[in-house]
Amino acid sequence: MRIRPSVVIATVLTVGAAAWIFSGVVGSHDGSAETAPASSLPPTPREAPRQQVRVTESRAEPYLAELVISGRTEAYRSVTLRSETEGIVTEVMGEDGHPVATGQVLAKLAMDDRAARRAEAAALVDQRQIEVNAARKLSDRGFQSQTKLAEAEANLASARAALETIRVDTARTTIAVPFDGVLVERMVELGDYVKAGDEIASIVDLDPILLTAQVSEREVAHLATGQVGKARLITGEALEGVVTVIAPSANSITRTFVVKMEVPNPDGAVRDGLTAELSLPLKRVQAHRIAPSLLTLDDKGRVGVKSVDTESRAQFLPVSIAGNTPDTIWVTGLPDSVTLISVGQIYVSPGELVNAVADERAAQNVGEAG
């Protein structure tokens with residue numbers, strides 16, 4: 001009987017597959033002691049690399065805290081002169097922007113009939129005086145009652161009052177300067193007709209000059225009259241003066257208190273209405289001197305700095321700004337001694353382990369930007 005080739009091929013393939021499978025099973029049992037791992041525990045994970053930062057030691061120093069606020073210059077006193085009577089302007093003196101002295105005449109009004117009315121009133125006073133003298137003599141002799149005497153005396157008093165009224169009205173035709181100062185503006189010219197209440201001129205007294213500012217409720221308690229303060233005008237001029245006024249009550253809307261500082265200004269060089277920055281002493285505190293670039297904000301919006309604790313962990317420390325110079329900021333709220341991150345603070349988060357390296361470039365507690 002002839003066997004088909006296909007059957008032979010199938011038989012050979014079946015035997016070969018069985019032999020290969022059998023050899024694998026035997027090999028796995030025989031070599032298990034050599035190929036199995038020594039331990040079935042997972043490998044220990046490696047520690048993540050720490051962020052390297054530069055640090056510098058900062059120590060608190062005594063610092064005289066100052067309150068720096070915006071304000072403006074203000075005239076010591078100012079006045080708008082108004083006419084107290086009516087009439088035509090017959091004379092004007094003084095020029096805008098020039099100094100004026102106490103008693104200096106700025107304008108005169110026409111007398112009109114005032115002189116005649118004053119003479120008439122004076123004559124009536126003389127007449128009433130004669131009537132009183134006569135009534136008094138008759139009363140003393142019993143020929144006239146006390147009522148008649150009282151009537152005569154009343155008429156005399158009325159005449160004197162009328163005379164005084166016209167004298168006052170006559171004096172009001174001359175408008176004079178009430179105090180030394182500067183004529184800001186004269187509002188009338190020759191020939192103008194003015195009535196009582198019309199503006200004649202405005203005058204300011206600039207010596208001393210006042211610097212005024214608004215102080216918050218929290219800060220006003222640390223100020224006192226008599227303190228010496230400093231100011232810098234927008235023009236760059238530096239001034240020094242004394243606090244003379246601290247408002248006893250706050251503004252009902254802003255809840256701030258007005259503070260005024262007097263500064264000598266004999267030549268009137270400092271003008272009224274200039275923007276100024278006032279520096280007023282508050283109290284002496286322990287503060288750290290740092291670079292402005294070290295300040296940062298946390299998730300709550302608080303201002304602070306980042307430091308490294310004893311376990312090499314970064315931490316955020318909130319601070320309060322006590323004062324500043326162009327390149328330095330004084331802050332409070334830190335321990336007396338603290339390790340500040342001077343470079344790399346923007347790359348680390350609070351609680352993160354860091355590799356702290358001394359910053360040799362940082363000097364006098366002033367770090368560099370991270």
# chains A, B, ... in the order shown; residues from 1 in each chain; ligands from 1
call {"tool": "select_by_dssp", "arguments": {"residues": "segment 191-302 of chain A", "states": "alpha helix (DSSP H)", "output": "list in words"}}
result
Glu217, Arg218, Glu219 and Val220 of chain A
call {"tool": "residues_around", "arguments": {"residues": "segment 70-74 of chain A", "least_positions_apart": "2", "cutoff": "7 Å", "atoms": "only C-alpha atoms", "output": "PyMOL selection string"}}
result
chain A and resi 76+209-213+272-278
call {"tool": "select_by_dssp", "arguments": {"residues": "segment 136-368 of chain A", "states": "strand (DSSP E or B)", "output": "count of residues only"}}
result
103
call {"tool": "residues_around", "arguments": {"residues": "Ala224 of chain A", "least_positions_apart": "3", "cutoff": "12 Å", "atoms": "only C-alpha atoms", "output": "PDB file with C-alpha atoms, in the first residue's frame"}}
result
ATOM      1  CA  GLU A 219      -0.724 104.849  60.977  1.00  0.00           C
ATOM      2  CA  VAL A 220      -2.041 108.033  62.557  1.00  0.00           C
ATOM      3  CA  ALA A 221      -1.536 106.638  66.089  1.00  0.00           C
ATOM      4  CA  GLN A 227       7.925 115.522  64.846  1.00  0.00           C
ATOM      5  CA  VAL A 228      10.478 116.472  62.210  1.00  0.00           C
ATOM      6  CA  GLY A 229       9.605 115.161  58.768  1.00  0.00           C
ATOM      7  CA  VAL A 242       7.719 120.055  61.529  1.00  0.00           C
ATOM      8  CA  VAL A 243       4.352 118.337  61.887  1.00  0.00           C
ATOM      9  CA  THR A 244       1.969 120.976  63.224  1.00  0.00           C
ATOM     10  CA  VAL A 245      -1.510 119.571  62.573  1.00  0.00           C
ATOM     11  CA  ILE A 246      -3.013 116.097  62.977  1.00  0.00           C
ATOM     12  CA  ALA A 247      -6.754 116.125  62.402  1.00  0.00           C
ATOM     13  CA  PRO A 248      -8.728 115.027  65.485  1.00  0.00           C
ATOM     14  CA  VAL A 259      -1.705 115.752  58.544  1.00  0.00           C
ATOM     15  CA  LYS A 260       0.083 119.049  57.908  1.00  0.00           C
ATOM     16  CA  MET A 261       3.787 119.826  58.073  1.00  0.00           C
ATOM     17  CA  LEU A 280       7.278 110.974  58.477  1.00  0.00           C
ATOM     18  CA  PRO A 281       9.008 109.060  61.310  1.00  0.00           C
ATOM     19  CA  LEU A 282       6.944 106.332  62.959  1.00  0.00           C
ATOM     20  CA  LYS A 283       8.983 104.158  65.362  1.00  0.00           C
TER      21      LYS A 283
END
call {"tool": "atom_distance", "arguments": {"atom1": "atom CA of Gln51 of chain A", "atom2": "atom CA of Thr339 of chain A"}}
result
16.3 Å
call {"tool": "residues_around", "arguments": {"residues": "Tyr347 of chain A", "least_positions_apart": "2", "cutoff": "12 Å", "atoms": "only C-alpha atoms", "output": "list of chain:residue names"}}
result
A:Arg50, A:Gln51, A:Gln52, A:Val53, A:Arg54, A:Thr296, A:Lys306, A:Ala314, A:Ile341, A:Ser342, A:Val343, A:Gly344, A:Gln345, A:Ser349, A:Pro350, A:Glu352, A:Leu353, A:Val354, A:Ala369, A:Gly370
call {"tool": "atom_distance", "arguments": {"atom1": "atom CA of Gly333 of chain A", "atom2": "atom CA of Val319 of chain A"}}
result
4.9 Å
call {"tool": "residues_around", "arguments": {"residues": "Glu91 of chain A", "least_positions_apart": "3", "cutoff": "7 Å", "atoms": "only C-alpha atoms", "output": "MDAnalysis selection string"}}
result
chainID A and resid 107:108 190
call {"tool": "residues_around", "arguments": {"residues": "Ala150 of chain A", "least_positions_apart": "4", "cutoff": "12 Å", "atoms": "only C-alpha atoms", "output": "ChimeraX atom specification"}}
result
/A:131-133,135-136,139,144-146,154-157
call {"tool": "closest_residue", "arguments": {"among": "A:Asp140, A:Glu199, A:Glu120, A:Glu151", "to": "Glu164 of chain A", "atoms": "only C-alpha atoms"}}
result
A:Glu120
call {"tool": "atom_distance", "arguments": {"atom1": "atom CA of Ile175 of chain A", "atom2": "atom CA of Gly268 of chain A"}}
result
23.9 Å
call {"tool": "decode", "arguments": {"residues": "segment 53-105 of chain A", "atoms": "C-alpha atoms", "output": "JSON list (two decimals), in the first residue's frame"}}
result
[["chain", "number", "residue", "atom", "x", "y", "z"],
["A", 53, "VAL", "CA", 19.26, 77.48, 45.06],
["A", 54, "ARG", "CA", 21.64, 80.07, 46.41],
["A", 55, "VAL", "CA", 21.07, 81.35, 49.91],
["A", 56, "THR", "CA", 22.34, 84.13, 52.13],
["A", 57, "GLU", "CA", 22.05, 84.72, 55.85],
["A", 58, "SER", "CA", 20.10, 87.82, 56.87],
["A", 59, "ARG", "CA", 20.05, 89.37, 60.33],
["A", 60, "ALA", "CA", 17.63, 92.00, 61.62],
["A", 61, "GLU", "CA", 18.97, 95.49, 62.30],
["A", 62, "PRO", "CA", 17.52, 98.54, 64.13],
["A", 63, "TYR", "CA", 15.61, 100.68, 61.68],
["A", 64, "LEU", "CA", 13.66, 103.92, 62.12],
["A", 65, "ALA", "CA", 10.47, 103.15, 60.26],
["A", 66, "GLU", "CA", 9.07, 105.96, 58.16],
["A", 67, "LEU", "CA", 5.64, 106.57, 56.72],
["A", 68, "VAL", "CA", 6.00, 107.57, 53.07],
["A", 69, "ILE", "CA", 2.84, 109.12, 51.64],
["A", 70, "SER", "CA", 1.85, 111.34, 48.76],
["A", 71, "GLY", "CA", 0.72, 114.87, 49.49],
["A", 72, "ARG", "CA", 0.85, 118.39, 48.13],
["A", 73, "THR", "CA", 1.99, 121.85, 49.07],
["A", 74, "GLU", "CA", -0.58, 124.26, 50.39],
["A", 75, "ALA", "CA", -0.50, 127.96, 51.22],
["A", 76, "TYR", "CA", -0.29, 128.72, 54.92],
["A", 77, "ARG", "CA", -3.36, 130.88, 54.45],
["A", 78, "SER", "CA", -5.28, 132.33, 51.54],
["A", 79, "VAL", "CA", -8.11, 134.81, 51.11],
["A", 80, "THR", "CA", -10.36, 136.16, 48.42],
["A", 81, "LEU", "CA", -11.05, 139.82, 49.09],
["A", 82, "ARG", "CA", -14.61, 140.91, 48.36],
["A", 83, "SER", "CA", -16.22, 144.30, 48.22],
["A", 84, "GLU", "CA", -18.27, 145.20, 51.31],
["A", 85, "THR", "CA", -20.02, 148.11, 49.61],
["A", 86, "GLU", "CA", -20.92, 149.28, 46.12],
["A", 87, "GLY", "CA", -19.36, 151.79, 43.79],
["A", 88, "ILE", "CA", -17.19, 152.39, 40.76],
["A", 89, "VAL", "CA", -13.52, 151.35, 40.91],
["A", 90, "THR", "CA", -11.44, 154.54, 40.73],
["A", 91, "GLU", "CA", -7.96, 153.15, 41.57],
["A", 92, "VAL", "CA", -6.18, 149.78, 41.28],
["A", 93, "MET", "CA", -2.74, 148.86, 42.58],
["A", 94, "GLY", "CA", -0.55, 145.75, 42.64],
["A", 95, "GLU", "CA", 0.34, 143.20, 39.94],
["A", 96, "ASP", "CA", -0.55, 139.55, 39.77],
["A", 97, "GLY", "CA", 2.19, 137.26, 41.10],
["A", 98, "HIS", "CA", 3.98, 140.00, 43.04],
["A", 99, "PRO", "CA", 4.40, 140.26, 46.82],
["A", 100, "VAL", "CA", 2.04, 142.48, 48.78],
["A", 101, "ALA", "CA", 2.31, 143.79, 52.35],
["A", 102, "THR", "CA", -0.18, 144.19, 55.16],
["A", 103, "GLY", "CA", -2.23, 147.38, 54.70],
["A", 104, "GLN", "CA", -1.25, 147.87, 51.06],
["A", 105, "VAL", "CA", -4.16, 149.31, 49.05]]
